[in-house]
$ cat work_21.txt   # compact mmCIF, C-alpha atoms
# COMPACT_ATOMS: atom_id res chain seq x y z
CA MET X 1020 -23.92 -0.62 -9.04
CA ALA X 1021 -20.56 -2.04 -9.94
CA ASP X 1022 -17.49 0.16 -9.88
CA PRO X 1023 -16.13 1.46 -13.18
CA MET X 1024 -13.41 -0.38 -15.07
CA ARG X 1025 -10.07 1.21 -15.77
CA ILE X 1026 -9.38 0.74 -19.50
CA ARG X 1027 -6.17 1.63 -21.29
CA ALA X 1028 -5.80 1.10 -25.04
CA ARG X 1029 -2.59 1.97 -26.82
CA MET X 1030 -1.24 1.39 -30.33
CA GLU X 1031 1.92 -0.70 -30.48
CA GLY X 1032 2.87 -1.03 -34.13
CA GLU X 1033 -0.17 -2.40 -35.93
CA HIS X 1034 -1.62 -3.86 -32.72
CA CYS X 1035 -3.90 -2.12 -30.32
CA VAL X 1036 -2.96 -3.34 -26.82
CA VAL X 1037 -5.84 -3.14 -24.37
CA ARG X 1038 -5.50 -3.47 -20.60
CA VAL X 1039 -8.59 -3.62 -18.47
CA LEU X 1040 -8.82 -3.54 -14.70
CA MET X 1041 -12.17 -4.70 -13.32
CA SER X 1042 -13.56 -4.41 -9.82
CA HIS X 1043 -15.26 -7.64 -8.82
CA GLU X 1044 -15.31 -10.03 -5.87
CA MET X 1045 -15.08 -13.12 -8.13
CA GLU X 1046 -16.36 -15.55 -5.50
CA THR X 1047 -15.59 -19.13 -6.50
CA GLY X 1048 -18.51 -20.72 -4.68
CA GLN X 1049 -16.09 -22.89 -2.72
CA ARG X 1050 -15.26 -20.61 0.17
CA LYS X 1051 -17.05 -20.71 3.49
CA ASP X 1052 -17.87 -17.77 5.72
CA ALA X 1053 -17.17 -17.51 9.46
CA THR X 1054 -20.31 -19.55 10.27
CA GLY X 1055 -19.33 -22.38 7.92
CA GLN X 1056 -21.89 -21.52 5.27
CA LEU X 1057 -20.82 -21.71 1.64
CA ILE X 1058 -20.44 -18.31 0.02
CA PRO X 1059 -22.38 -18.59 -3.26
CA ALA X 1060 -20.47 -18.37 -6.52
CA TRP X 1061 -20.46 -14.89 -7.98
CA PHE X 1062 -18.07 -14.08 -10.79
CA ILE X 1063 -17.81 -12.39 -14.15
CA HIS X 1064 -18.56 -15.04 -16.75
CA ARG X 1065 -18.79 -13.09 -20.00
CA VAL X 1066 -16.45 -10.38 -21.24
CA THR X 1067 -16.91 -8.71 -24.61
CA ALA X 1068 -14.94 -5.94 -26.27
CA THR X 1069 -16.22 -4.05 -29.29
CA SER X 1070 -14.65 -1.40 -31.45
CA ASN X 1071 -16.32 0.32 -34.38
CA GLY X 1072 -19.27 -2.04 -34.08
CA ARG X 1073 -17.01 -5.09 -34.35
CA VAL X 1074 -16.49 -7.62 -31.59
CA VAL X 1075 -12.71 -7.72 -31.20
CA PHE X 1076 -12.53 -9.93 -28.13
CA SER X 1077 -14.84 -12.15 -26.15
CA ALA X 1078 -14.25 -14.56 -23.31
CA THR X 1079 -16.12 -16.94 -21.08
CA TRP X 1080 -14.67 -16.97 -17.60
CA GLY X 1081 -14.98 -19.47 -14.80
CA PRO X 1082 -14.43 -19.26 -11.06
CA ALA X 1083 -10.62 -19.57 -11.37
CA VAL X 1084 -10.10 -15.96 -12.41
CA SER X 1085 -8.81 -13.76 -9.60
CA LYS X 1086 -10.61 -11.08 -7.68
CA ASN X 1087 -10.25 -7.63 -9.29
CA PRO X 1088 -8.98 -9.19 -12.53
CA VAL X 1089 -6.59 -7.56 -14.95
CA LEU X 1090 -7.19 -8.47 -18.60
CA GLN X 1091 -4.82 -7.78 -21.46
CA PHE X 1092 -5.44 -8.51 -25.10
CA SER X 1093 -4.49 -7.02 -28.45
CA PHE X 1094 -6.13 -6.78 -31.82
CA THR X 1095 -5.41 -5.34 -35.24
CA GLY X 1096 -7.36 -2.89 -37.36
CA ALA X 1097 -7.65 -0.09 -34.81
CA LYS X 1098 -6.40 3.47 -35.09
CA VAL X 1099 -5.72 6.25 -32.62
CA GLY X 1100 -8.93 7.86 -31.40
CA ASP X 1101 -11.12 4.80 -31.96
CA ALA X 1102 -13.57 4.02 -29.17
CA ILE X 1103 -13.42 0.64 -27.49
CA GLN X 1104 -16.22 -0.64 -25.27
CA ILE X 1105 -15.77 -3.40 -22.73
CA THR X 1106 -18.77 -5.17 -21.21
CA TRP X 1107 -18.82 -7.78 -18.49
CA VAL X 1108 -21.76 -9.81 -17.23
CA ASP X 1109 -21.57 -11.72 -13.96
CA THR X 1110 -23.39 -14.78 -12.66
CA ARG X 1111 -26.00 -12.60 -10.92
CA GLY X 1112 -26.80 -10.99 -14.24
CA GLU X 1113 -25.24 -7.69 -13.23
CA ARG X 1114 -23.37 -5.98 -16.02
CA ARG X 1115 -21.11 -3.06 -16.55
CA THR X 1116 -19.95 -1.33 -19.74
CA ASP X 1117 -17.15 1.21 -19.96
CA GLU X 1118 -15.49 2.94 -22.87
CA ALA X 1119 -12.04 4.27 -23.66
CA ARG X 1120 -10.25 5.84 -26.62
CA VAL X 1121 -7.24 4.32 -28.29
CA SER X 1122 -4.14 6.41 -27.64
CA ALA X 1123 -0.86 6.58 -29.54
CA MET Q 880 -8.52 -20.99 -18.03
CA VAL Q 881 -4.83 -21.07 -17.27
CA VAL Q 882 -2.79 -18.12 -18.33
CA CYS Q 883 0.92 -17.92 -17.82
CA TRP Q 884 3.25 -15.06 -17.39
CA HIS Q 885 4.76 -15.50 -20.84
CA VAL Q 886 1.41 -14.66 -22.41
CA LEU Q 887 1.99 -11.07 -21.46
CA ARG Q 888 5.13 -10.97 -23.53
CA ARG Q 889 3.49 -12.15 -26.70
CA THR Q 890 2.62 -9.41 -29.10
CA ALA Q 891 0.24 -11.41 -31.28
CA LEU Q 892 -3.49 -11.60 -30.75
CA THR Q 893 -3.56 -12.93 -27.22
CA ALA Q 894 -5.38 -12.53 -24.00
CA GLY Q 895 -3.84 -12.77 -20.58
CA ILE Q 896 -5.43 -12.73 -17.20
CA LEU Q 897 -3.29 -12.21 -14.19
CA LEU Q 898 -4.39 -14.70 -11.64
CA GLY Q 899 -2.17 -13.40 -8.89
CA ALA Q 900 1.22 -14.04 -7.47
CA VAL Q 901 0.56 -17.66 -6.61
CA SER Q 902 -0.05 -18.80 -10.16
CA LEU Q 903 2.81 -16.63 -11.36
CA ALA Q 904 5.13 -18.34 -8.95
CA VAL Q 905 4.11 -21.63 -10.51
CA ALA Q 906 4.29 -20.35 -14.04
CA GLN Q 907 7.69 -18.83 -13.59
CA PRO Q 908 10.59 -20.60 -15.33
CA LEU Q 909 12.71 -22.52 -12.87
CA GLY Q 910 16.44 -22.32 -12.44
CA THR Q 911 18.98 -19.53 -12.34
CA ALA Q 912 18.30 -18.96 -8.67
CA GLN Q 913 20.79 -16.59 -7.13
CA ALA Q 914 23.17 -17.72 -4.48
CA GLY Q 915 21.60 -16.56 -1.28
CA GLY Q 916 24.76 -15.73 0.59
CA GLY Q 917 24.28 -18.64 2.96
CA LEU Q 918 23.94 -16.52 6.05
CA THR Q 919 21.29 -18.52 7.84
CA PRO Q 920 21.06 -22.14 8.95
CA SER Q 921 18.25 -22.53 6.43
CA ALA Q 922 20.39 -21.29 3.57
CA SER Q 923 19.51 -24.33 1.48
CA ALA Q 924 15.99 -22.96 1.12
CA GLN Q 925 17.28 -19.60 -0.03
CA PRO Q 926 16.88 -20.20 -3.79
CA ALA Q 927 13.19 -20.95 -3.24
CA ALA Q 928 12.84 -17.72 -1.31
CA ASN Q 929 14.47 -15.85 -4.16
CA ASP Q 930 12.19 -17.52 -6.70
CA THR Q 931 9.17 -16.33 -4.74
CA GLY Q 932 10.66 -12.89 -4.42
CA ARG Q 933 11.33 -12.74 -8.14
CA ALA Q 934 7.85 -13.98 -9.02
CA ILE Q 935 6.36 -11.24 -6.85
CA GLU Q 936 8.67 -8.75 -8.58
CA GLN Q 937 7.45 -9.97 -11.97
CA TYR Q 938 3.85 -9.62 -10.86
CA ARG Q 939 4.54 -6.07 -9.69
CA GLU Q 940 6.02 -5.21 -13.08
CA ALA Q 941 3.11 -6.84 -14.90
CA VAL Q 942 0.47 -4.86 -13.03
CA ALA Q 943 2.53 -1.68 -12.71
CA ASP Q 944 0.30 0.31 -15.04
CA SER Q 945 -2.95 -1.38 -14.07
CA SER Q 946 -2.66 -2.43 -10.44
CA PRO Q 947 -5.95 -3.34 -8.78
CA GLY Q 948 -4.89 -0.75 -6.18
CA GLU Q 949 -6.08 1.85 -8.67
CA LEU Q 950 -9.66 0.79 -7.94
CA TRP Q 951 -9.18 2.02 -4.35
CA GLU Q 952 -7.54 5.23 -5.57
CA ILE Q 953 -10.59 5.96 -7.72
CA ARG Q 954 -12.94 5.27 -4.79
CA GLY Q 955 -10.76 7.29 -2.43
CA GLU Q 956 -10.86 10.39 -4.58
CA ALA Q 957 -14.64 10.11 -4.86
CA LEU Q 958 -14.96 9.62 -1.08
CA TRP Q 959 -12.82 12.67 -0.33
CA ASN Q 960 -15.10 14.89 -2.42
CA GLU Q 961 -18.38 13.22 -1.50
CA VAL Q 962 -20.81 14.96 0.86
CA ARG Q 963 -21.20 12.37 3.64
CA GLY Q 964 -22.05 11.85 7.28
CA PRO Q 965 -24.62 13.38 9.63
CA ARG Q 966 -23.31 16.89 8.89
CA GLN Q 967 -23.44 16.33 5.14
CA VAL Q 968 -20.06 17.78 4.26
CA SER Q 969 -17.10 16.51 2.27
CA LEU Q 970 -13.55 16.12 3.55
CA GLU Q 971 -12.41 19.07 1.45
CA ARG Q 972 -11.80 21.12 4.64
CA CYS Q 973 -9.79 18.36 6.27
CA ASP Q 974 -6.26 19.55 7.10
CA LEU Q 975 -3.69 16.79 6.61
CA GLY Q 976 -0.91 19.15 7.66
CA ALA Q 977 -0.42 21.05 4.41
CA GLY Q 978 -3.52 23.22 4.93
CA PRO Q 979 -7.27 22.54 4.72
CA GLY Q 980 -8.06 20.40 1.71
CA VAL Q 981 -4.45 20.17 0.51
CA VAL Q 982 -3.75 16.56 -0.39
CA ALA Q 983 -0.78 16.87 -2.77
CA GLY Q 984 2.41 15.98 -0.92
CA ALA Q 985 0.64 15.64 2.45
CA TYR Q 986 1.34 11.94 2.96
CA ALA Q 987 5.13 12.31 2.58
CA ARG Q 988 5.08 14.73 5.56
CA LEU Q 989 3.23 12.43 7.97
CA PRO Q 990 3.09 11.53 10.84
CA ARG Q 991 3.32 15.07 12.23
CA TRP Q 992 2.26 17.32 15.09
CA PHE Q 993 -1.19 18.89 14.72
CA ALA Q 994 -1.65 22.04 16.82
CA ASP Q 995 -5.47 21.86 16.73
CA VAL Q 996 -5.50 18.55 18.62
CA GLY Q 997 -2.14 18.92 20.39
CA GLN Q 998 -1.08 15.50 19.16
CA VAL Q 999 1.09 13.73 16.60
CA MET Q 1000 -1.08 11.93 14.04
CA ASP Q 1001 -0.56 9.64 11.09
CA LEU Q 1002 -2.79 9.81 8.02
CA GLU Q 1003 -5.44 7.39 9.19
CA THR Q 1004 -5.75 8.88 12.66
CA ARG Q 1005 -6.10 12.29 11.04
CA LEU Q 1006 -8.78 10.98 8.67
CA LEU Q 1007 -10.62 9.51 11.67
CA HIS Q 1008 -10.41 12.91 13.35
CA CYS Q 1009 -11.74 14.69 10.23
CA MET Q 1010 -14.58 12.23 9.73
CA VAL Q 1011 -15.66 12.70 13.35
CA THR Q 1012 -15.20 16.47 13.72
CA LEU Q 1013 -16.13 17.62 10.21
CA GLN Q 1014 -18.57 15.01 8.96
CA GLY Q 1015 -20.07 14.08 12.33
CA PHE Q 1016 -19.57 10.32 12.07
CA ALA Q 1017 -19.60 8.39 15.35
CA ARG Q 1018 -16.06 7.46 16.30
CA ASP Q 1019 -17.10 4.01 17.58
CA GLN Q 1020 -18.82 3.19 14.31
CA LEU Q 1021 -15.79 4.27 12.25
CA LEU Q 1022 -13.50 2.16 14.41
CA ARG Q 1023 -15.56 -0.89 13.46
CA GLU Q 1024 -14.93 -0.17 9.77
CA THR Q 1025 -11.19 0.41 9.71
CA PHE Q 1026 -10.25 -2.59 7.57
CA GLY Q 1027 -12.31 -3.78 4.61
CA ASP Q 1028 -13.29 -7.33 3.74
CA GLY Q 1029 -14.73 -7.96 0.29
CA PRO Q 1030 -18.00 -6.10 -0.17
CA ARG Q 1031 -17.60 -4.58 3.33
CA ARG Q 1032 -15.35 -1.69 2.37
CA SER Q 1033 -13.33 0.68 4.49
CA ALA Q 1034 -13.25 4.38 3.75
CA PHE Q 1035 -9.81 4.50 5.39
CA GLU Q 1036 -8.30 2.11 2.86
CA ALA Q 1037 -9.70 3.93 -0.17
CA LEU Q 1038 -8.84 7.41 1.15
CA SER Q 1039 -5.33 6.30 2.18
CA ALA Q 1040 -4.68 4.81 -1.27
CA TRP Q 1041 -5.68 8.00 -3.06
CA ILE Q 1042 -3.98 10.38 -0.62
CA ALA Q 1043 -0.71 8.39 -0.63
CA ALA Q 1044 -0.79 8.39 -4.43
CA GLN Q 1045 -0.82 12.22 -4.34
CA SER Q 1046 2.68 12.05 -2.82
CA ARG Q 1047 4.05 9.71 -5.48
CA GLY Q 1048 7.59 10.67 -6.47
CA LEU Q 1049 8.12 12.91 -3.42
CA ALA Q 1050 10.72 12.27 -0.74
CA ILE Q 1051 9.48 10.97 2.62
CA ASN Q 1052 10.17 13.85 4.95
CA PRO Q 1053 8.16 13.78 8.20
CA PRO Q 1054 8.81 16.85 10.37
CA LEU Q 1055 10.85 16.19 13.51
CA ALA Q 1056 11.24 19.70 14.97
CA HIS Q 1057 8.38 19.60 17.49
CA PRO Q 1058 9.20 17.95 20.84
CA ALA Q 1059 6.10 15.75 20.52
CA GLU Q 1060 7.33 14.48 17.14
CA GLN Q 1061 10.69 13.65 18.69
CA THR Q 1062 8.94 11.88 21.56
CA ALA Q 1063 6.80 9.88 19.13
CA TYR Q 1064 9.92 8.80 17.26
CA ARG Q 1065 11.71 7.78 20.48
CA VAL Q 1066 8.69 5.93 21.87
CA GLY Q 1067 8.28 4.18 18.51
CA ARG Q 1068 11.90 3.06 18.64
CA GLU Q 1069 11.40 1.77 22.19
CA LEU Q 1070 8.27 -0.14 21.13
CA PHE Q 1071 10.11 -1.61 18.16
CA TYR Q 1072 12.57 -3.30 20.52
CA GLN Q 1073 10.12 -3.92 23.41
CA ARG Q 1074 9.76 -7.65 23.97
CA GLY Q 1075 6.56 -9.10 25.37
CA GLY Q 1076 3.56 -11.32 24.89
CA THR Q 1077 3.30 -15.08 25.18
CA HIS Q 1078 6.18 -15.60 22.74
CA ASP Q 1079 8.48 -12.90 24.16
CA PHE Q 1080 8.48 -11.22 20.75
CA SER Q 1081 9.31 -7.73 19.57
CA CYS Q 1082 9.08 -6.09 16.16
CA SER Q 1083 12.86 -6.42 16.03
CA SER Q 1084 12.64 -10.21 16.48
CA CYS Q 1085 11.70 -10.36 12.80
CA HIS Q 1086 12.64 -6.91 11.50
CA GLY Q 1087 15.79 -6.03 13.42
CA GLU Q 1088 18.32 -8.17 11.59
CA THR Q 1089 19.34 -8.33 7.94
CA GLY Q 1090 18.87 -11.50 5.91
CA ARG Q 1091 16.06 -13.12 7.89
CA ARG Q 1092 12.90 -14.61 6.49
CA ILE Q 1093 9.70 -16.18 7.73
CA ARG Q 1094 8.99 -19.36 5.78
CA LEU Q 1095 9.77 -18.16 2.23
CA GLN Q 1096 9.03 -14.50 2.84
CA GLU Q 1097 12.09 -12.31 3.11
CA LEU Q 1098 11.90 -9.93 6.05
CA PRO Q 1099 13.17 -6.37 5.74
CA ASN Q 1100 15.35 -5.05 8.54
CA LEU Q 1101 13.31 -1.96 9.36
CA SER Q 1102 15.93 -0.52 11.70
CA GLU Q 1103 18.17 -0.03 8.64
CA PRO Q 1104 17.22 3.02 6.54
CA ALA Q 1105 18.33 1.29 3.34
CA GLN Q 1106 15.73 -1.44 3.91
CA ALA Q 1107 13.07 0.64 5.63
CA ARG Q 1108 12.90 3.10 2.71
CA PRO Q 1109 11.47 0.90 -0.06
CA VAL Q 1110 9.08 -0.73 2.43
CA TYR Q 1111 7.62 2.45 3.88
CA ALA Q 1112 7.49 4.07 0.43
CA SER Q 1113 5.23 1.29 -0.89
CA TRP Q 1114 2.51 1.43 1.81
CA PRO Q 1115 -0.49 1.51 1.63
CA ALA Q 1116 -0.43 -1.48 -0.71
CA TYR Q 1117 -2.67 -3.85 -2.60
CA ARG Q 1118 -2.33 -7.26 -0.95
CA VAL Q 1119 -2.71 -9.81 -3.74
CA SER Q 1120 -3.33 -12.76 -1.43
CA GLN Q 1121 -6.24 -10.92 0.18
CA GLY Q 1122 -7.45 -8.93 -2.81
CA GLU Q 1123 -7.57 -5.88 -0.56
CA MET Q 1124 -5.90 -2.50 -0.19
CA ARG Q 1125 -4.09 -2.48 3.14
CA THR Q 1126 -2.82 0.49 5.12
CA LEU Q 1127 0.01 0.99 7.61
CA GLN Q 1128 -2.45 0.83 10.52
CA TRP Q 1129 -3.55 -2.56 9.21
CA ARG Q 1130 0.06 -3.69 8.75
CA LEU Q 1131 1.00 -2.80 12.32
CA ASN Q 1132 -2.23 -4.29 13.65
CA ASP Q 1133 -1.51 -7.58 11.90
CA CYS Q 1134 2.12 -7.58 13.08
CA PHE Q 1135 0.80 -7.26 16.65
CA ARG Q 1136 -1.56 -10.18 16.03
CA GLN Q 1137 1.29 -12.29 14.68
CA GLN Q 1138 3.33 -11.48 17.78
CA ARG Q 1139 0.40 -12.54 20.00
CA PHE Q 1140 0.32 -9.05 21.46
CA PRO Q 1141 -2.88 -7.41 22.69
CA GLN Q 1142 -4.70 -5.80 19.78
CA LEU Q 1143 -3.11 -2.57 18.59
CA ILE Q 1144 -5.82 0.07 18.80
CA PHE Q 1145 -6.38 1.99 15.56
CA GLY Q 1146 -5.10 5.53 15.96
CA SER Q 1147 -3.58 4.84 19.38
CA PRO Q 1148 -0.45 6.76 20.45
CA ALA Q 1149 1.47 3.46 20.23
CA SER Q 1150 0.47 2.91 16.60
CA ILE Q 1151 1.39 6.50 15.72
CA ALA Q 1152 4.73 6.25 17.54
CA LEU Q 1153 5.68 3.10 15.63
CA MET Q 1154 4.79 4.81 12.37
CA SER Q 1155 6.88 7.83 13.36
CA TYR Q 1156 9.84 5.55 13.95
CA LEU Q 1157 9.39 3.79 10.60
CA ALA Q 1158 8.74 7.00 8.66
CA ASN Q 1159 11.85 8.64 10.06
CA ASN Q 1160 13.94 5.57 9.28
CA ALA Q 1161 12.62 5.80 5.72
CA ARG Q 1162 13.37 9.52 5.40
CA GLY Q 1163 14.52 10.47 1.91
CA ALA Q 1164 12.88 7.58 0.09
CA GLU Q 1165 10.78 8.38 -2.93
CA MET Q 1166 7.09 7.64 -2.30
CA ASN Q 1167 5.77 4.97 -4.63
CA ALA Q 1168 2.44 3.99 -3.09
CA PRO Q 1169 0.06 2.27 -3.35
CA GLY Q 1170 2.40 -0.66 -3.82
CA VAL Q 1171 1.70 -4.32 -4.54
CA LYS Q 1172 2.38 -7.00 -1.94
CA ARG Q 1173 2.18 -10.77 -2.18
$ encode --input "work_21.txt" --output "structure tokens"
Amino acid sequence: MADPMRIRARMEGEHCVVRVLMSHEMETGQRKDATGQLIPAWFIHRVTATSNGRVVFSATWGPAVSKNPVLQFSFTGAKVGDAIQITWVDTRGERRTDEARVSA
Amino acid sequence: MVVCWHVLRRTALTAGILLGAVSLAVAQPLGTAQAGGGLTPSASAQPAANDTGRAIEQYREAVADSSPGELWEIRGEALWNEVRGPRQVSLERCDLGAGPGVVAGAYARLPRWFADVGQVMDLETRLLHCMVTLQGFARDQLLRETFGDGPRRSAFEALSAWIAAQSRGLAINPPLAHPAEQTAYRVGRELFYQRGGTHDFSCSSCHGETGRRIRLQELPNLSEPAQARPVYASWPAYRVSQGEMRTLQWRLNDCFRQQRFPQLIFGSPASIALMSYLANNARGAEMNAPGVKR
């Protein structure tokens, strides 16, 4: 089971600024282990954020995104107290969804 | 997907992914390098060193309120409270010096003398002691798991991150009244200047003089309180280049490796003495750990 995300969502003027910290190894598939064997690729490749049933952000990631990535994005149309859900899916098909409330 | 530092400053509908200090160093605007003071023969490379330093500083600011180090803090808190080990107990009776189970402010008062073991201990040595005596873990097994590597995680790193964070904002103030604490400090100082190994190195070869650097990395003079303070106050730290939380035991262990010394044994009196020396040099600094390192 993947570790929880740390999600912070805050209103800045009319924008809701969301910062997400994810726990993931993000293996590129190009590294080798101590025995010279390739370590298989394993990274988050889909990220989706929804708020009030609306997809407010989505991304397709490749192997160039760092381990334990930090994501920041902003969107309009949110208000304090709204729930925001973030979901990631990795190349093994594992997924994790976490939720936070928008603060002032 | 290439995302630059400036993305973070945009307020419009944007997404930014921090790819780490390396890409930030590349993305950083060039120019306006400070004059380095020209103290060393390699002074011409000084602006580059400052650029790297500034890029790392920018990365620290960018992740200040969402550092990956927080992931270890979260795990550490859970580990402290989790019923684990052959005896199936939590660490909530572990005494870090402020009383059984008291974590707040404990890290700022370490290393210290512990009457129950008749020894000066740093945080990690004390955690090892608690995991063995309270939880019943085998010492040998724990010593094989001191430093994490990807999915192979270390309880010491997570616990240290969380426990250090519970001293955030407090002044580093290790006790120095007990004779054993004074001995640890003195031995640590001796070890700091002790030259040896195949390269006739000492800690002070790199960290005993102001204004030195190794390649582009500026080296703090740890014998100077003014420079020891911010360093000690920011450990344990998330090491961006490794994607791992690293502790002071790891830092000293790796310094020994770089000096081509015999391996520094985790929790050994030598490791504790060196930490006593560093902690006392850093006395008065405000704890701000876990930090972020390159």
$ closest_atom_pairs --input "work_21.txt" --of "chain X" --to "chain Q" --cutoff "6 Å" --atoms "all atoms listed in the file" --output "tab-separated table"
residue	atom	partner	partner_atom	distance
X:Val1084	CA	Q:Leu898	CA	5.9
X:Ser1085	CA	Q:Leu898	CA	5.0
X:Val1089	CA	Q:Leu897	CA	5.8
X:Leu1090	CA	Q:Ile896	CA	4.8
X:Gln1091	CA	Q:Gly895	CA	5.2
X:Phe1092	CA	Q:Ala894	CA	4.2
X:Ser1093	CA	Q:Leu892	CA	5.2
X:Phe1094	CA	Q:Leu892	CA	5.6
$ residues_around --input "work_21.txt" --residues "Thr1095 (chain X)" --least-positions-apart "3" --cutoff "7 Å" --atoms "only C-alpha atoms" --output "list of chain:residue names"
X:Glu1033, X:His1034, X:Cys1035
$ closest_residue --input "work_21.txt" --among "Q:Gly976, Q:Gly1015, Q:Gly1075, Q:Pro1109" --to "Asp995 (chain Q)" --atoms "all atoms listed in the file"
Q:Gly976
$ atom_distance --input "work_21.txt" --atom1 "CA of Arg1118 (chain Q)" --atom2 "CA of Gly1170 (chain Q)"
8.6 Å
$ residues_near_point --input "work_21.txt" --point "(-12.1, 20.2, -3.4)" --cutoff "7 Å" --atoms "only C-alpha atoms" --output "ChimeraX atom specification"
/Q:960,971,980
